[in-house]
$ cat protein.tsv   # TSV, C-alpha atoms
chain	number	residue	atom	x	y	z
A	87	MET	CA	1.40	1.02	-56.82
A	88	PRO	CA	-2.28	0.71	-57.73
A	89	ARG	CA	-4.93	0.01	-55.12
A	90	LEU	CA	-7.30	-2.91	-55.19
A	91	SER	CA	-10.20	-0.50	-55.63
A	92	ASP	CA	-8.73	0.31	-59.07
A	93	LEU	CA	-9.32	-3.26	-60.18
A	94	SER	CA	-12.66	-4.53	-61.48
A	95	PHE	CA	-14.12	-7.63	-59.89
A	96	ASP	CA	-13.64	-9.61	-63.09
A	97	ALA	CA	-10.04	-8.52	-63.40
A	98	LEU	CA	-9.40	-9.38	-59.76
A	99	CYS	CA	-10.86	-12.87	-60.29
A	100	GLU	CA	-8.73	-13.25	-63.39
A	101	TRP	CA	-5.51	-12.41	-61.55
A	102	LEU	CA	-6.39	-14.58	-58.57
A	103	THR	CA	-7.08	-17.60	-60.73
A	104	SER	CA	-4.04	-17.17	-62.98
A	105	THR	CA	-0.66	-15.87	-61.82
A	106	GLY	CA	-1.89	-14.56	-58.48
A	107	LEU	CA	-2.07	-11.15	-56.91
A	108	ARG	CA	0.63	-9.67	-54.69
A	109	LEU	CA	-1.24	-7.78	-52.01
A	110	SER	CA	0.47	-5.41	-49.59
A	111	VAL	CA	-0.93	-6.07	-46.13
A	112	PRO	CA	1.48	-4.14	-43.92
A	113	PRO	CA	3.95	-5.21	-42.75
A	114	PHE	CA	3.70	-8.20	-45.12
A	115	VAL	CA	3.16	-8.95	-48.76
A	116	PHE	CA	0.95	-11.92	-49.61
A	117	LEU	CA	0.89	-13.57	-53.03
A	118	ILE	CA	-2.68	-14.84	-53.18
A	119	ARG	CA	-4.21	-17.30	-55.60
A	120	SER	CA	-7.79	-18.49	-55.52
A	121	ASP	CA	-10.41	-19.80	-57.90
A	122	ILE	CA	-13.27	-19.18	-55.46
A	123	PRO	CA	-15.35	-16.04	-56.12
A	124	VAL	CA	-16.14	-15.38	-52.45
A	125	VAL	CA	-12.41	-14.89	-51.84
A	126	ALA	CA	-12.30	-12.20	-54.52
A	127	ARG	CA	-15.43	-10.63	-53.10
A	128	GLY	CA	-13.97	-10.52	-49.61
A	129	LEU	CA	-10.71	-9.02	-50.82
A	130	GLN	CA	-12.50	-6.41	-52.90
A	131	THR	CA	-14.73	-5.42	-50.01
A	132	LEU	CA	-12.22	-5.41	-47.17
A	133	TYR	CA	-8.86	-4.66	-48.80
A	134	GLU	CA	-9.88	-2.07	-51.39
A	135	GLN	CA	-7.44	0.56	-50.09
A	136	HIS	CA	-4.49	-1.86	-50.15
A	137	GLU	CA	-1.81	-1.71	-52.81
A	138	TYR	CA	-1.31	-4.63	-55.13
A	139	GLU	CA	0.70	-5.87	-58.04
A	140	ALA	CA	-0.97	-8.20	-60.48
A	141	SER	CA	2.08	-10.30	-60.94
A	142	ALA	CA	3.73	-13.28	-59.36
A	143	GLU	CA	7.13	-11.71	-60.04
A	144	GLY	CA	8.81	-9.95	-57.16
A	145	PHE	CA	8.97	-10.55	-53.46
A	146	ALA	CA	6.16	-11.84	-51.30
A	147	ASP	CA	6.51	-12.98	-47.69
A	148	PHE	CA	3.87	-15.67	-48.11
A	149	HIS	CA	2.64	-17.54	-51.17
A	150	ILE	CA	-0.85	-18.75	-50.38
A	151	GLN	CA	-3.79	-20.34	-52.14
A	152	VAL	CA	-7.39	-21.06	-51.33
A	153	LYS	CA	-8.56	-23.49	-53.98
A	154	ALA	CA	-11.74	-25.39	-54.62
A	155	ARG	CA	-11.61	-29.13	-54.63
A	156	ARG	CA	-13.96	-32.07	-54.28
A	157	HIS	CA	-14.21	-33.93	-51.02
A	158	GLY	CA	-16.41	-36.85	-52.03
A	159	LEU	CA	-19.24	-35.14	-53.85
A	160	LYS	CA	-19.00	-31.88	-51.89
A	161	ARG	CA	-17.10	-28.84	-53.05
A	162	VAL	CA	-14.73	-27.60	-50.35
A	163	ALA	CA	-12.04	-24.93	-49.94
A	164	GLN	CA	-8.44	-25.87	-49.20
A	165	PHE	CA	-5.82	-23.44	-47.89
A	166	SER	CA	-2.16	-23.94	-48.66
A	167	MET	CA	1.11	-22.07	-48.24
A	168	ASP	CA	3.96	-23.04	-50.55
A	169	GLY	CA	1.99	-26.19	-51.31
A	170	PHE	CA	1.69	-27.16	-47.64
A	171	GLU	CA	-1.87	-27.69	-46.39
A	172	PRO	CA	-1.99	-27.03	-42.65
A	173	PHE	CA	-5.77	-27.27	-42.24
A	174	THR	CA	-8.45	-29.74	-43.19
A	175	PRO	CA	-10.65	-28.29	-45.95
A	176	LEU	CA	-13.62	-26.11	-45.03
A	177	ALA	CA	-16.97	-25.68	-46.74
A	178	TYR	CA	-16.75	-23.89	-50.08
A	179	ASP	CA	-18.71	-20.89	-48.81
A	180	GLU	CA	-16.28	-20.44	-45.93
A	181	ALA	CA	-13.36	-19.80	-48.26
A	182	PHE	CA	-12.83	-16.16	-47.33
A	183	ALA	CA	-12.84	-16.89	-43.60
A	184	LEU	CA	-10.37	-19.68	-44.36
A	185	LEU	CA	-8.14	-17.20	-46.21
A	186	GLU	CA	-8.14	-14.87	-43.19
A	187	TRP	CA	-7.36	-17.69	-40.77
A	188	GLY	CA	-4.67	-18.94	-43.10
A	189	MET	CA	-3.08	-15.48	-43.21
A	190	ASN	CA	-3.06	-15.45	-39.40
A	191	TRP	CA	-1.39	-18.85	-39.40
A	192	CYS	CA	1.28	-17.64	-41.84
A	193	VAL	CA	2.23	-14.78	-39.54
A	194	THR	CA	2.02	-16.52	-36.18
A	195	GLY	CA	3.84	-19.57	-37.41
A	196	HIS	CA	6.58	-17.95	-39.45
A	197	ALA	CA	7.13	-14.26	-38.72
A	198	HIS	CA	9.74	-14.72	-36.02
A	199	THR	CA	11.32	-11.30	-36.45
A	200	TRP	CA	8.74	-10.34	-33.85
A	201	LEU	CA	7.57	-11.82	-30.62
A	202	THR	CA	3.97	-12.61	-31.52
A	203	ILE	CA	1.30	-12.56	-28.84
A	204	HIS	CA	-2.31	-13.62	-29.21
A	205	SER	CA	-3.88	-10.28	-28.43
A	206	ALA	CA	-5.82	-7.44	-29.95
A	207	VAL	CA	-3.87	-4.17	-30.06
A	208	LEU	CA	-5.15	-0.64	-30.45
A	209	GLU	CA	-3.59	2.78	-30.03
A	210	ASN	CA	-4.74	6.06	-28.58
A	211	ARG	CA	-2.70	9.15	-27.73
A	212	GLY	CA	0.52	7.49	-28.81
A	213	ARG	CA	0.35	4.40	-26.61
A	214	ALA	CA	-0.89	0.92	-27.41
A	215	VAL	CA	-3.26	-1.17	-25.36
A	216	LEU	CA	-2.94	-4.93	-25.55
A	217	LEU	CA	-6.06	-7.02	-25.03
A	218	PRO	CA	-4.99	-10.61	-24.58
A	219	ALA	CA	-7.94	-12.83	-23.84
A	220	PRO	CA	-9.29	-16.30	-24.50
A	221	PRO	CA	-12.15	-16.94	-26.95
A	222	GLY	CA	-15.50	-15.91	-25.53
A	223	SER	CA	-14.10	-13.02	-23.51
A	224	GLY	CA	-15.51	-10.44	-25.91
A	225	LYS	CA	-12.07	-9.35	-27.11
A	226	SER	CA	-12.96	-8.98	-30.80
A	227	THR	CA	-16.24	-7.19	-30.10
A	228	LEU	CA	-14.49	-4.76	-27.80
A	229	CYS	CA	-11.70	-4.35	-30.31
A	230	ALA	CA	-14.16	-3.56	-33.13
A	231	ALA	CA	-16.07	-1.13	-30.90
A	232	LEU	CA	-12.85	0.67	-29.90
A	233	MET	CA	-11.79	0.99	-33.54
A	234	LEU	CA	-15.19	2.38	-34.54
A	235	HIS	CA	-14.93	4.71	-31.55
A	236	GLY	CA	-11.73	6.23	-32.94
A	237	TRP	CA	-8.94	4.09	-31.54
A	238	ARG	CA	-6.38	3.00	-34.12
A	239	LEU	CA	-6.38	-0.73	-34.78
A	240	LEU	CA	-2.98	-2.39	-34.91
A	241	SER	CA	-4.44	-5.90	-34.94
A	242	ASP	CA	-7.44	-7.77	-33.62
A	243	GLU	CA	-5.52	-11.01	-33.39
A	244	MET	CA	-1.81	-10.61	-32.73
A	245	ALA	CA	0.61	-8.18	-31.15
A	246	LEU	CA	3.89	-8.04	-33.08
A	247	LEU	CA	6.41	-6.95	-30.47
A	248	ASP	CA	9.78	-5.97	-31.88
A	249	PRO	CA	12.29	-7.41	-29.39
A	250	VAL	CA	14.92	-4.87	-30.40
A	251	THR	CA	12.98	-1.60	-30.28
A	252	GLY	CA	10.30	-2.68	-27.79
A	253	LEU	CA	7.67	-1.18	-30.11
A	254	ILE	CA	4.60	-2.87	-31.52
A	255	THR	CA	4.44	-3.14	-35.29
A	256	PRO	CA	0.95	-2.64	-36.71
A	257	ALA	CA	-0.55	-5.46	-38.74
A	258	PRO	CA	-4.09	-4.18	-39.23
A	259	ARG	CA	-6.42	-6.61	-40.95
A	260	PRO	CA	-10.18	-7.04	-40.89
A	261	VAL	CA	-11.61	-7.76	-37.44
A	262	SER	CA	-13.03	-11.26	-37.13
A	263	LEU	CA	-16.49	-11.14	-35.55
A	264	LYS	CA	-18.61	-14.09	-34.54
A	265	ASN	CA	-22.28	-14.78	-34.04
A	266	ARG	CA	-24.07	-12.08	-31.99
A	267	SER	CA	-21.10	-9.74	-32.20
A	268	ILE	CA	-21.76	-9.30	-35.91
A	269	ASP	CA	-25.28	-7.98	-35.27
A	270	LEU	CA	-24.19	-5.97	-32.26
A	271	ILE	CA	-21.55	-4.09	-34.24
A	272	ARG	CA	-23.96	-3.57	-37.14
A	273	GLU	CA	-26.56	-2.16	-34.74
A	274	ARG	CA	-24.05	0.17	-33.15
A	275	GLN	CA	-22.85	1.51	-36.48
A	276	PRO	CA	-25.19	0.66	-39.35
A	277	GLY	CA	-22.80	1.89	-42.05
A	278	VAL	CA	-19.94	-0.47	-41.24
A	279	VAL	CA	-18.48	-2.56	-44.04
A	280	MET	CA	-18.29	-6.28	-43.51
A	281	GLY	CA	-17.06	-9.02	-45.78
A	282	PRO	CA	-18.82	-12.23	-46.78
A	283	GLU	CA	-20.47	-14.11	-43.93
A	284	ALA	CA	-19.49	-17.71	-43.33
A	285	LEU	CA	-22.54	-19.26	-41.76
A	286	ASP	CA	-21.59	-22.60	-40.32
A	287	THR	CA	-17.95	-22.64	-39.31
A	288	VAL	CA	-16.65	-24.41	-36.22
A	289	LYS	CA	-16.79	-20.98	-34.57
A	290	GLY	CA	-20.38	-20.44	-35.72
A	291	ARG	CA	-21.28	-17.50	-37.96
A	292	VAL	CA	-18.24	-15.43	-38.89
A	293	ALA	CA	-17.85	-12.11	-40.68
A	294	HIS	CA	-14.94	-9.71	-40.99
A	295	LEU	CA	-15.16	-5.99	-40.35
A	296	LYS	CA	-13.21	-3.60	-42.57
A	297	ILE	CA	-10.53	-1.63	-40.76
A	298	SER	CA	-10.91	2.11	-40.35
A	299	GLU	CA	-9.23	4.54	-42.72
A	300	ALA	CA	-7.16	5.93	-39.85
A	301	SER	CA	-5.90	2.46	-38.93
A	302	PHE	CA	-4.88	1.78	-42.50
A	303	ALA	CA	-3.28	5.20	-42.96
A	304	ALA	CA	-1.04	4.65	-39.90
A	305	ALA	CA	-0.23	1.03	-40.69
A	306	HIS	CA	3.50	1.79	-40.86
A	307	ARG	CA	3.69	3.70	-37.56
A	308	CYS	CA	4.98	1.56	-34.69
A	309	VAL	CA	3.93	2.37	-31.15
A	310	ALA	CA	5.08	1.74	-27.60
A	311	PRO	CA	2.89	-0.43	-25.40
A	312	GLY	CA	1.16	1.48	-22.61
A	313	TRP	CA	-1.43	-0.79	-21.11
A	314	VAL	CA	-2.27	-4.47	-20.88
A	315	VAL	CA	-5.97	-5.04	-20.25
A	316	PHE	CA	-7.45	-8.50	-19.74
A	317	PRO	CA	-11.11	-8.04	-20.72
A	318	ARG	CA	-13.94	-10.32	-19.71
A	319	TYR	CA	-17.48	-9.85	-20.91
A	320	GLU	CA	-20.04	-10.94	-18.34
A	321	ALA	CA	-23.73	-10.38	-19.07
A	322	GLY	CA	-25.29	-7.96	-16.59
A	323	ALA	CA	-22.07	-7.31	-14.69
A	324	PRO	CA	-21.21	-3.78	-13.62
A	325	LEU	CA	-17.94	-2.45	-14.96
A	326	THR	CA	-15.17	-3.37	-12.58
A	327	VAL	CA	-11.48	-2.79	-12.93
A	328	ALA	CA	-8.70	-4.24	-10.83
A	329	PRO	CA	-4.97	-3.72	-11.25
A	330	ARG	CA	-3.24	-6.94	-12.19
A	331	ALA	CA	0.24	-7.72	-10.86
A	332	LYS	CA	2.96	-7.23	-13.46
A	333	SER	CA	4.40	-10.64	-12.69
A	334	ALA	CA	1.02	-12.28	-13.33
A	335	SER	CA	0.57	-10.20	-16.47
A	336	LEU	CA	3.94	-11.30	-17.77
A	337	VAL	CA	3.12	-14.97	-17.23
A	338	GLU	CA	-0.24	-14.52	-18.96
A	339	LEU	CA	1.28	-12.69	-21.92
A	340	ALA	CA	3.96	-15.34	-22.26
A	341	SER	CA	1.33	-18.06	-22.26
A	342	ASN	CA	-0.43	-16.17	-25.06
A	343	SER	CA	2.74	-15.88	-27.10
A	344	PHE	CA	2.99	-18.01	-30.22
A	345	ASN	CA	6.77	-17.97	-30.39
A	346	GLN	CA	8.36	-16.93	-27.12
A	347	HIS	CA	10.22	-20.25	-27.16
A	348	VAL	CA	11.85	-19.21	-30.44
A	349	HIS	CA	13.23	-16.00	-28.93
A	350	GLY	CA	14.61	-17.52	-25.73
A	351	LYS	CA	16.10	-15.16	-23.17
A	352	PRO	CA	16.02	-12.05	-25.40
A	353	GLY	CA	12.33	-12.72	-25.96
A	354	PHE	CA	11.72	-12.98	-22.24
A	355	SER	CA	13.63	-9.74	-21.69
A	356	ALA	CA	11.60	-7.99	-24.41
A	357	LEU	CA	8.35	-9.17	-22.90
A	358	THR	CA	9.51	-8.11	-19.44
A	359	ALA	CA	10.42	-4.64	-20.73
A	360	ALA	CA	7.02	-4.34	-22.40
A	361	VAL	CA	5.16	-5.26	-19.22
A	362	ASP	CA	7.40	-2.98	-17.20
A	363	ARG	CA	6.32	0.07	-19.18
A	364	CYS	CA	2.61	-0.88	-19.04
A	365	ALA	CA	-0.16	-0.45	-16.53
A	366	CYS	CA	-1.97	-3.79	-16.25
A	367	TYR	CA	-5.65	-4.31	-15.45
A	368	ASP	CA	-8.41	-6.89	-15.31
A	369	LEU	CA	-11.57	-5.45	-16.82
A	370	ARG	CA	-15.00	-6.96	-16.38
A	371	TYR	CA	-17.84	-5.38	-18.31
A	372	SER	CA	-21.25	-5.93	-19.85
A	373	LYS	CA	-21.99	-2.58	-21.47
A	374	ILE	CA	-19.69	-1.62	-24.32
A	375	ASP	CA	-20.25	2.12	-23.90
A	376	GLU	CA	-19.13	1.95	-20.28
A	377	ALA	CA	-16.04	0.05	-21.33
A	378	LEU	CA	-15.27	2.57	-24.10
A	379	ASP	CA	-15.58	5.41	-21.63
A	380	TRP	CA	-13.15	3.68	-19.29
A	381	PHE	CA	-10.65	3.16	-22.12
A	382	ASP	CA	-10.94	6.81	-23.14
A	383	HIS	CA	-9.90	7.87	-19.65
A	384	LEU	CA	-6.88	5.60	-19.38
A	385	GLU	CA	-3.89	7.66	-18.35
A	386	PRO	CA	-0.59	6.76	-19.98
A	387	PRO	CA	1.72	5.26	-17.37
A	388	SER	CA	4.64	7.46	-16.42
B	167	MET	CA	10.84	-17.22	19.07
B	168	PRO	CA	9.46	-20.76	19.35
B	169	ALA	CA	11.94	-23.62	19.39
B	170	VAL	CA	11.95	-25.04	15.88
B	171	ALA	CA	14.09	-27.37	13.81
B	172	ASN	CA	16.57	-26.09	11.21
B	173	SER	CA	16.61	-22.63	12.73
B	174	GLY	CA	20.40	-22.47	12.53
B	175	VAL	CA	20.73	-23.59	8.92
B	176	PHE	CA	22.22	-20.87	6.76
B	177	TRP	CA	20.83	-19.85	3.41
B	178	ALA	CA	22.51	-17.77	0.73
B	179	ALA	CA	21.56	-16.38	-2.65
B	180	VAL	CA	23.28	-17.99	-5.60
B	181	ALA	CA	24.50	-15.94	-8.56
B	182	ALA	CA	21.83	-16.30	-11.24
B	183	PRO	CA	22.75	-19.17	-13.60
B	184	ALA	CA	23.50	-18.12	-17.18
B	185	ASN	CA	20.54	-20.02	-18.56
B	186	LYS	CA	18.09	-18.19	-16.33
B	187	ALA	CA	16.58	-14.73	-16.58
B	188	GLU	CA	14.24	-12.99	-14.22
B	189	ALA	CA	11.79	-10.17	-13.98
B	190	VAL	CA	11.37	-8.70	-10.53
B	191	TRP	CA	8.65	-6.33	-9.41
B	192	ASP	CA	7.24	-5.42	-6.01
B	193	ASP	CA	4.16	-7.51	-6.77
B	194	GLY	CA	6.13	-10.67	-7.48
B	195	SER	CA	8.65	-11.99	-9.93
B	196	VAL	CA	9.03	-14.40	-12.81
B	197	ILE	CA	11.94	-16.73	-13.48
B	198	TYR	CA	12.65	-17.88	-17.02
B	199	ASP	CA	14.62	-21.07	-17.56
B	200	GLU	CA	16.17	-21.17	-21.00
B	201	ALA	CA	16.89	-24.88	-20.67
B	202	ASP	CA	13.24	-25.82	-21.08
B	203	GLY	CA	11.58	-22.46	-21.76
B	204	SER	CA	9.58	-22.65	-18.55
B	205	LEU	CA	8.37	-19.69	-16.54
B	206	THR	CA	7.93	-19.78	-12.79
B	207	ALA	CA	5.98	-17.07	-11.05
B	208	LEU	CA	7.11	-16.19	-7.54
B	209	ASN	CA	4.64	-14.52	-5.23
B	210	VAL	CA	5.32	-11.41	-3.19
B	211	SER	CA	6.60	-13.31	-0.13
B	212	THR	CA	8.99	-15.46	-2.12
B	213	THR	CA	10.26	-12.40	-3.97
B	214	GLU	CA	10.87	-10.66	-0.63
B	215	VAL	CA	12.89	-13.58	0.69
B	216	LEU	CA	14.98	-13.70	-2.46
B	217	LYS	CA	15.60	-9.95	-2.34
B	218	ARG	CA	16.60	-10.16	1.32
B	219	LEU	CA	19.16	-12.91	0.67
B	220	ARG	CA	20.58	-11.04	-2.31
B	221	ASN	CA	20.79	-7.67	-0.65
B	222	GLY	CA	21.51	-8.67	2.93
B	223	GLY	CA	23.79	-11.66	2.46
B	224	ALA	CA	23.52	-15.17	3.87
B	225	ALA	CA	21.32	-15.66	6.89
B	226	SER	CA	19.99	-18.38	9.09
B	227	LEU	CA	16.36	-19.37	9.00
B	228	ALA	CA	15.96	-17.82	12.44
B	229	THR	CA	17.44	-14.51	11.31
B	230	LEU	CA	15.33	-14.45	8.19
B	231	ALA	CA	12.18	-15.17	10.14
B	232	ASP	CA	13.07	-12.50	12.64
B	233	GLU	CA	13.64	-9.88	9.97
B	234	LEU	CA	10.85	-10.73	7.59
B	235	PHE	CA	8.15	-11.28	10.22
B	236	ASP	CA	9.29	-8.35	12.38
B	237	GLY	CA	10.26	-10.63	15.23
B	238	GLU	CA	6.85	-12.18	15.69
B	239	PHE	CA	5.69	-15.24	13.86
B	240	GLU	CA	3.60	-18.36	14.21
B	241	PRO	CA	4.84	-21.91	13.60
B	242	GLU	CA	2.92	-22.04	10.30
B	243	GLU	CA	4.70	-18.90	9.14
B	244	TRP	CA	8.00	-20.53	9.95
B	245	GLN	CA	6.96	-23.51	7.84
B	246	GLN	CA	5.92	-21.13	5.06
B	247	LEU	CA	9.36	-19.54	5.12
B	248	GLU	CA	11.03	-22.93	4.98
B	249	ALA	CA	8.85	-23.91	2.01
B	250	ILE	CA	9.80	-20.70	0.24
B	251	LEU	CA	13.49	-21.42	0.70
B	252	VAL	CA	13.05	-24.96	-0.58
B	253	GLN	CA	11.27	-23.60	-3.66
B	254	LEU	CA	14.05	-21.08	-4.29
B	255	GLN	CA	16.61	-23.85	-3.82
B	256	SER	CA	14.82	-26.05	-6.38
B	257	LEU	CA	15.02	-23.16	-8.84
B	258	GLY	CA	18.75	-22.88	-8.24
B	259	LEU	CA	18.44	-19.39	-6.79
B	260	VAL	CA	19.53	-20.10	-3.20
B	261	SER	CA	21.64	-22.72	-1.49
B	262	LYS	CA	22.67	-23.86	1.97
B	263	PRO	CA	26.40	-23.12	1.98
B	264	THR	CA	28.58	-25.24	4.22
B	265	PRO	CA	29.98	-23.09	7.03
$ encode --input "protein.tsv" --output "structure tokens"
Amino acid sequence: MPRLSDLSFDALCEWLTSTGLRLSVPPFVFLIRSDIPVVARGLQTLYEQHEYEASAEGFADFHIQVKARRHGLKRVAQFSMDGFEPFTPLAYDEAFALLEWGMNWCVTGHAHTWLTIHSAVLENRGRAVLLPAPPGSGKSTLCAALMLHGWRLLSDEMALLDPVTGLITPAPRPVSLKNRSIDLIRERQPGVVMGPEALDTVKGRVAHLKISEASFAAAHRCVAPGWVVFPRYEAGAPLTVAPRAKSASLVELASNSFNQHVHGKPGFSALTAAVDRCACYDLRYSKIDEALDWFDHLEPPS
Amino acid sequence: MPAVANSGVFWAAVAAPANKAEAVWDDGSVIYDEADGSLTALNVSTTEVLKRLRNGGAASLATLADELFDGEFEPEEWQQLEAILVQLQSLGLVSKPTP
């Protein structure tokens, strides 16, 4: 299958506005339609290595659109899946961020083959670390820094835990960065590729960071969980690490799951097995390099 | 042992109901109730009491206190043990069998 980088910007816009483009975003296929140029620009910048088919024929897990419409006199962007519009429209210039959030919603709301957990996931030396954390904890910044440091990104947003195999399925997509994190990551690595910036979203300024080549290349390789780390950024704080009880970790992971209720007892058992094979920690940090060093020295649990 | 009420009441572990699942570690445990999808975290002490009743069979409050507190305990610890048993009973994990 051809890659998106093979397609000119004009041709990409043409496909997006007409029949749609089937984009392989492992482990899913999205059929995407959009008449908003910033969506095409974001896709071209951040998904260039992904395979596509310029056709609406064939299978796609999710059929989605981000279309322009008028809200009063203002032009806005509206996301829909199979004609259903789950969100209120956003500003026209925020269309690419809306596409990314909509793709997240598709997976977390519908991909019930997996137990989905709100967590970043990265891999090093054959084991995955889960970073479940509330907004403001620095999860995405840490996740981006770890990926740029050589860890393989499985996802910055959701862990897809296979309840049968106990492995985590990668779903690497651009890392969503907000406000100061955007500048911080750019300062740390000036060559990084980011997509279009949305300037005034409810989350503030948002930009997406392209995933590393290594993360994309291994996007079909599942991995066993090895650690659960609950990160908390605290300005000026020294790096401190404390083991967290497995029982408390399980409760926290379950509360961060989007669909544990769908999986019932087997889901609980799968989550228990995942926690059982992990070492669990609370991490407080202020300096990213110190945190990266700590991650690099994590020993796989026996 | 101080003279306390309910010291002779027997407690026993109940076979886990089919709609419940549990995860047990040394640092505590978690009970999942499929009926409403709820999770209940049990702390280390509660987990120890549950383990004792499961592994050692039914026991009176006095016996449990004796074993778990190594023969020495304060009235508040006794009350703590009673509260633990009441919590486990409310979760359907222990009962007071009729002699």
$ residues_around --input "protein.tsv" --residues "Phe114 in chain A" --least-positions-apart "3" --cutoff "8 Å" --atoms "only C-alpha atoms" --output "list in words"
Ser110, Val111, Ala146 and Asp147 of chain A
$ residues_near_point --input "protein.tsv" --point "(10.6, -20.5, 10.5)" --cutoff "7 Å" --atoms "all atoms listed in the file" --output "NGL selection string"
:B and (173 or 227-228 or 231 or 241 or 243-245 or 247-248)
$ residues_near_point --input "protein.tsv" --point "(9.1, -13.8, -10.8)" --cutoff "10 Å" --atoms "all atoms listed in the file" --output "mmCIF file with C-alpha atoms, in the frame of the given file"
data_model
loop_
_atom_site.group_PDB
_atom_site.id
_atom_site.type_symbol
_atom_site.label_atom_id
_atom_site.label_comp_id
_atom_site.auth_asym_id
_atom_site.auth_seq_id
_atom_site.Cartn_x
_atom_site.Cartn_y
_atom_site.Cartn_z
ATOM 1 C CA LYS A 332 2.960 -7.230 -13.460
ATOM 2 C CA SER A 333 4.400 -10.640 -12.690
ATOM 3 C CA ALA A 334 1.020 -12.280 -13.330
ATOM 4 C CA LEU A 336 3.940 -11.300 -17.770
ATOM 5 C CA VAL A 337 3.120 -14.970 -17.230
ATOM 6 C CA ALA B 187 16.580 -14.730 -16.580
ATOM 7 C CA GLU B 188 14.240 -12.990 -14.220
ATOM 8 C CA ALA B 189 11.790 -10.170 -13.980
ATOM 9 C CA VAL B 190 11.370 -8.700 -10.530
ATOM 10 C CA TRP B 191 8.650 -6.330 -9.410
ATOM 11 C CA ASP B 192 7.240 -5.420 -6.010
ATOM 12 C CA ASP B 193 4.160 -7.510 -6.770
ATOM 13 C CA GLY B 194 6.130 -10.670 -7.480
ATOM 14 C CA SER B 195 8.650 -11.990 -9.930
ATOM 15 C CA VAL B 196 9.030 -14.400 -12.810
ATOM 16 C CA ILE B 197 11.940 -16.730 -13.480
ATOM 17 C CA TYR B 198 12.650 -17.880 -17.020
ATOM 18 C CA LEU B 205 8.370 -19.690 -16.540
ATOM 19 C CA THR B 206 7.930 -19.780 -12.790
ATOM 20 C CA ALA B 207 5.980 -17.070 -11.050
ATOM 21 C CA LEU B 208 7.110 -16.190 -7.540
ATOM 22 C CA ASN B 209 4.640 -14.520 -5.230
ATOM 23 C CA VAL B 210 5.320 -11.410 -3.190
ATOM 24 C CA THR B 212 8.990 -15.460 -2.120
ATOM 25 C CA THR B 213 10.260 -12.400 -3.970
#
$ atom_distance --input "protein.tsv" --atom1 "CA of Ser256 in chain B" --atom2 "CA of Asn221 in chain B"
20.2 Å
$ residues_around --input "protein.tsv" --residues "range 338-354 of chain A" --least-positions-apart "2" --cutoff "7 Å" --atoms "only C-alpha atoms" --output "ChimeraX atom specification"
/A:194,201-204,249,334-336,356-358 /B:187,200,203
$ atom_distance --input "protein.tsv" --atom1 "CA of Glu376 in chain A" --atom2 "CA of Thr326 in chain A"
10.2 Å
$ closest_residue --input "protein.tsv" --among "A:Ala359, A:Gln135, A:Thr251, A:Asn210" --to "chain B" --atoms "only C-alpha atoms"
A:Ala359
